[in-house]
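Student: Below you'll find start-v6.cif; it's mmCIF, C-alpha atoms.
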```cif
data_input
#
loop_
_atom_site.label_atom_id
_atom_site.label_comp_id
_atom_site.auth_asym_id
_atom_site.auth_seq_id
_atom_site.Cartn_x
_atom_site.Cartn_y
_atom_site.Cartn_z
CA MET A 8 85.77 80.72 89.98
CA ASN A 9 87.22 83.72 91.84
CA ILE A 10 88.03 82.44 95.32
CA CYS A 11 88.77 85.01 98.00
CA VAL A 12 91.09 83.71 100.69
CA PHE A 13 91.35 85.53 104.00
CA LEU A 14 94.58 84.57 105.77
CA SER A 15 97.63 85.71 107.67
CA ALA A 16 100.58 87.58 106.26
CA ALA A 17 102.75 86.17 109.08
CA ASP A 18 105.55 83.66 108.58
CA LEU A 19 104.16 80.44 110.02
CA ASP A 20 105.45 76.91 110.54
CA GLU A 21 104.91 73.86 108.36
CA ARG A 22 101.68 72.68 110.02
CA TYR A 23 100.03 75.82 108.57
CA THR A 24 102.05 76.40 105.40
CA ARG A 25 101.80 72.83 104.04
CA PRO A 26 97.95 72.71 103.95
CA ALA A 27 97.82 76.32 102.65
CA ARG A 28 100.16 75.39 99.81
CA GLU A 29 98.11 72.25 99.10
CA PHE A 30 94.92 74.33 98.85
CA ALA A 31 96.70 76.85 96.60
CA GLU A 32 97.88 74.11 94.24
CA LEU A 33 94.36 72.66 94.03
CA LEU A 34 92.97 76.12 93.32
CA GLY A 35 95.51 76.76 90.56
CA LYS A 36 95.15 73.33 88.96
CA GLY A 37 91.38 73.84 88.95
CA GLY A 38 91.85 76.94 86.82
CA HIS A 39 90.53 79.26 89.52
CA THR A 40 91.63 82.78 90.43
CA LEU A 41 92.97 83.63 93.88
CA VAL A 42 91.51 86.85 95.22
CA TRP A 43 93.63 87.83 98.22
CA GLY A 44 95.06 90.73 100.19
CA GLY A 45 97.85 91.16 97.67
CA SER A 46 100.79 90.82 100.05
CA ASP A 47 103.93 88.97 99.04
CA VAL A 48 104.89 87.97 102.58
CA GLY A 49 104.17 85.13 104.97
CA LEU A 50 101.27 82.78 104.38
CA MET A 51 99.85 85.15 101.74
CA LYS A 52 103.03 84.60 99.69
CA VAL A 53 102.89 80.82 100.17
CA VAL A 54 99.35 80.72 98.78
CA ALA A 55 100.02 83.14 95.92
CA ASP A 56 103.14 81.18 94.91
CA GLY A 57 101.23 77.90 94.95
CA VAL A 58 98.34 79.23 92.86
CA GLN A 59 100.60 80.88 90.31
CA GLU A 60 102.91 77.86 89.98
CA ALA A 61 99.87 75.60 89.41
CA GLY A 62 98.52 77.78 86.61
CA GLY A 63 95.92 79.87 88.45
CA ARG A 64 95.44 83.63 88.27
CA LEU A 65 96.23 86.16 91.00
CA LEU A 66 93.93 89.09 91.74
CA GLY A 67 95.28 91.12 94.63
CA VAL A 68 93.61 93.86 96.63
CA SER A 69 96.19 95.61 98.75
CA VAL A 70 95.75 98.73 100.82
CA ASP A 71 97.55 102.05 100.57
CA PHE A 72 99.69 101.65 103.70
CA LEU A 73 100.76 98.10 102.68
CA ALA A 74 101.35 98.81 98.99
CA ALA A 75 105.13 98.38 99.43
CA LYS A 76 104.47 94.71 100.32
CA ALA A 77 102.18 94.11 97.32
CA ARG A 78 103.15 91.22 95.09
CA GLU A 79 104.90 92.03 91.84
CA GLY A 80 103.68 90.02 88.87
CA ALA A 81 100.09 89.46 89.99
CA ASP A 82 97.66 89.26 87.09
CA GLU A 83 95.77 92.18 88.61
CA MET A 84 96.50 94.38 91.64
CA VAL A 85 94.14 96.97 93.08
CA ILE A 86 95.25 99.37 95.82
CA ALA A 87 92.42 100.33 98.18
CA ARG A 88 92.39 103.55 100.22
CA ASP A 89 91.74 101.81 103.55
CA LEU A 90 90.92 98.45 105.12
CA ALA A 91 87.16 98.92 104.77
CA GLU A 92 87.45 99.53 101.02
CA ARG A 93 89.86 96.59 100.71
CA LYS A 94 87.38 94.26 102.39
CA ARG A 95 84.54 95.50 100.19
CA LEU A 96 86.59 95.02 97.01
CA LEU A 97 87.79 91.55 98.03
CA LEU A 98 84.20 90.41 98.58
CA GLU A 99 82.94 92.14 95.43
CA LYS A 100 85.49 90.38 93.23
CA ALA A 101 84.92 86.93 94.77
CA ASP A 102 82.49 84.14 93.91
CA ALA A 103 83.34 82.30 97.13
CA VAL A 104 85.35 82.80 100.33
CA VAL A 105 87.81 80.60 102.21
CA ILE A 106 88.96 81.59 105.68
CA MET A 107 92.40 80.22 106.51
CA VAL A 108 94.47 80.67 109.66
CA GLY A 109 95.07 84.25 110.65
CA GLY A 110 94.95 86.90 113.31
CA THR A 111 92.58 89.74 114.11
CA GLY A 112 92.45 91.00 110.50
CA THR A 113 91.40 87.57 109.25
CA LEU A 114 88.83 87.28 112.03
CA ASP A 115 87.44 90.71 111.11
CA GLU A 116 87.11 89.69 107.46
CA ALA A 117 85.53 86.37 108.41
CA THR A 118 82.88 87.90 110.67
CA GLU A 119 82.03 90.53 108.04
CA ILE A 120 81.20 87.94 105.35
CA LEU A 121 79.26 85.83 107.86
CA GLU A 122 77.29 88.89 108.96
CA LEU A 123 76.46 89.70 105.33
CA LYS A 124 75.30 86.11 104.79
CA LYS A 125 73.29 86.12 108.02
CA HIS A 126 71.30 89.11 106.79
CA GLY A 127 70.89 87.77 103.25
CA HIS A 128 73.16 90.37 101.62
CA THR A 129 75.23 87.67 99.93
CA ASP A 130 74.80 84.01 99.14
CA LYS A 131 78.46 83.33 98.33
CA PRO A 132 79.69 80.06 99.80
CA VAL A 133 82.03 80.44 102.77
CA VAL A 134 84.45 77.77 103.97
CA LEU A 135 86.37 77.92 107.20
CA LEU A 136 89.50 75.78 106.70
CA ASN A 137 90.25 74.51 110.18
CA THR A 138 93.93 73.69 109.66
CA ALA A 139 95.49 71.81 112.59
CA GLY A 140 92.36 72.52 114.68
CA PHE A 141 93.17 76.25 114.63
CA TYR A 142 89.50 77.26 114.65
CA ASP A 143 88.16 74.58 117.04
CA GLY A 144 87.35 77.24 119.66
CA LEU A 145 85.63 79.51 117.12
CA LYS A 146 83.63 76.58 115.78
CA GLU A 147 82.48 75.82 119.33
CA GLN A 148 81.54 79.50 119.83
CA PHE A 149 79.53 79.56 116.58
CA ARG A 150 77.67 76.42 117.68
CA ARG A 151 76.89 78.03 121.03
CA MET A 152 75.58 81.13 119.21
CA GLU A 153 73.34 78.88 117.14
CA ASP A 154 72.17 76.75 120.10
CA GLU A 155 71.33 79.79 122.21
CA GLY A 156 69.40 81.64 119.49
CA PHE A 157 71.91 84.29 118.40
CA LEU A 158 71.84 83.25 114.74
CA PRO A 159 68.64 83.76 112.73
CA ARG A 160 69.80 81.14 110.19
CA PRO A 161 71.28 77.68 110.72
CA LEU A 162 75.06 77.71 111.02
CA THR A 163 75.28 75.28 108.09
CA GLU A 164 73.76 77.98 105.84
CA LEU A 165 76.43 80.46 106.89
CA VAL A 166 79.68 78.49 106.78
CA PHE A 167 81.08 75.09 105.89
CA PHE A 168 83.83 73.78 108.16
CA ALA A 169 86.55 71.85 106.30
CA GLU A 170 89.40 70.06 108.01
CA GLU A 171 91.42 69.50 104.82
CA PRO A 172 92.13 71.60 101.70
CA VAL A 173 90.63 69.05 99.30
CA GLY A 174 87.31 69.15 101.18
CA ALA A 175 87.28 72.95 101.12
CA LEU A 176 87.70 73.18 97.35
CA ALA A 177 85.32 70.27 96.68
CA TYR A 178 82.60 72.06 98.68
CA LEU A 179 83.13 75.31 96.74
CA GLU A 180 83.13 73.63 93.34
CA GLU A 181 80.01 71.64 94.22
CA SER A 182 78.23 74.75 95.46
CA GLN A 183 78.98 76.45 92.12
CA GLY A 184 77.98 73.42 90.03
CA ILE A 185 81.54 72.67 88.94
CA GLU A 186 82.19 68.96 88.49
#
```
Starting from the coordinates I provided, produce the structure as structure tokens.

Tutor:
Amino acid sequence: MNICVFLSAADLDERYTRPAREFAELLGKGGHTLVWGGSDVGLMKVVADGVQEAGGRLLGVSVDFLAAKAREGADEMVIARDLAERKRLLLEKADAVVIMVGGTGTLDEATEILELKKHGHTDKPVVLLNTAGFYDGLKEQFRRMEDEGFLPRPLTELVFFAEEPVGALAYLEESQGIE
């Protein structure tokens, strides 16, 4: 399975890097391909290292102005013209999406895939990995949106909230019929 991971390129502490590395190792050992923003810095590097070391493939989609930070030695690297094209290519190449901790770029990518799902333009499974409670506030906001009628589909049809890496991958594999 090609699993797109939206996440930060920032250098983060152990409470975020340890679970990210754990997810990456599970992904690699499962024989899956990481589809990611292509950067070889911060949390993006942690995940790419973990996937590659565990035997998985790396498919990066960088962007022109960040090409200097693109990872050498990825199995495949595409350089997009701009962020919009990068997002489109990441989603095109993925069978499923995992949203890890990140900043405004990650949030932008997350809301785009959820908007596409909301309108029936994709049925790819989406997991929000709520490492160290990072997305507790967003989860509460999504529930409020659902409760107050802002979502035309049940929240459970749009996104699966996982607290641990093993639960995130198990959900994706189950949704794709992988035992």

Student: Got a sec: who's within 12 Å of Glu21 (chain A), counting all atoms listed in the file, leaving out chain neighbours fewer than 3 positions off, as number ranges by chain?

Tutor: A: 18, 24-29, 49-50, 53, 138-139

Student: Compile the contact shell of Arg160 (chain A) as a tab-separated table (two decimals) with C-alpha atoms, in the frame of the given file: residues with an atom at most 10 Å away, counting only C-alpha atoms, same-chain residues fewer than 5 positions apart removed.

Tutor:
```tsv
chain	number	residue	atom	x	y	z
A	124	LYS	CA	75.30	86.11	104.79
A	125	LYS	CA	73.29	86.12	108.02
A	126	HIS	CA	71.30	89.11	106.79
A	127	GLY	CA	70.89	87.77	103.25
A	153	GLU	CA	73.34	78.88	117.14
A	165	LEU	CA	76.43	80.46	106.89
```

Student: Record the distance separating CA of Gly174 (chain A) and CA of Val105 (chain A), expressed in Å with one decimal.

Tutor: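 It comes out at 11.5 Å.
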
Student: Leaving out region 55-70 of chain A and any residue of its chain fewer than 3 positions from it, which residues lie within 8 Å of it when counting all atoms listed in the file, given as JSON, numbers by chain?

Tutor: {"A": [28, 29, 31, 32, 33, 34, 35, 36, 37, 38, 39, 40, 41, 42, 43, 44, 45, 46, 47, 51, 52, 73, 74, 77, 78, 81, 82, 83, 84, 85, 86, 87, 88, 89, 90, 93, 96, 97]}

Student: For the provided coordinates, the residues matched by the PyMOL selection byres ((chain A and resi 119) around 12) should be stated as a ChimeraX atom specification.

Tutor: /A:13,91,94-95,97-98,104,106,112-118,120-126,128-129,133,165

Student: Between CA of Glu170 (chain A) and CA of Phe141 (chain A), what distance in Å does the model show, to one decimal?

Tutor: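 It comes out at 9.8 Å.
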
Student: Would you compute the distance between CA of Gly110 (chain A) and CA of Glu155 (chain A)? Give it in Å to one decimal.

Tutor: 26.2 Å

Student: Pick from A:Val48, A:Ala16, A:Ala75, A:Ala103: nearest to Ser182 (chain A), with all atoms listed in the file counted?

Tutor: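 Among the listed residues, A:Ala103 lies closest to Ser182 (chain A).
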
Student: Quick one: of A:Pro132, A:Gly80, A:Gly144, A:Gly109, who's nearest to Ala175 (chain A), counting only C-alpha atoms?

Tutor: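 Selected residue with least distance to Ala175 (chain A): A:Pro132.
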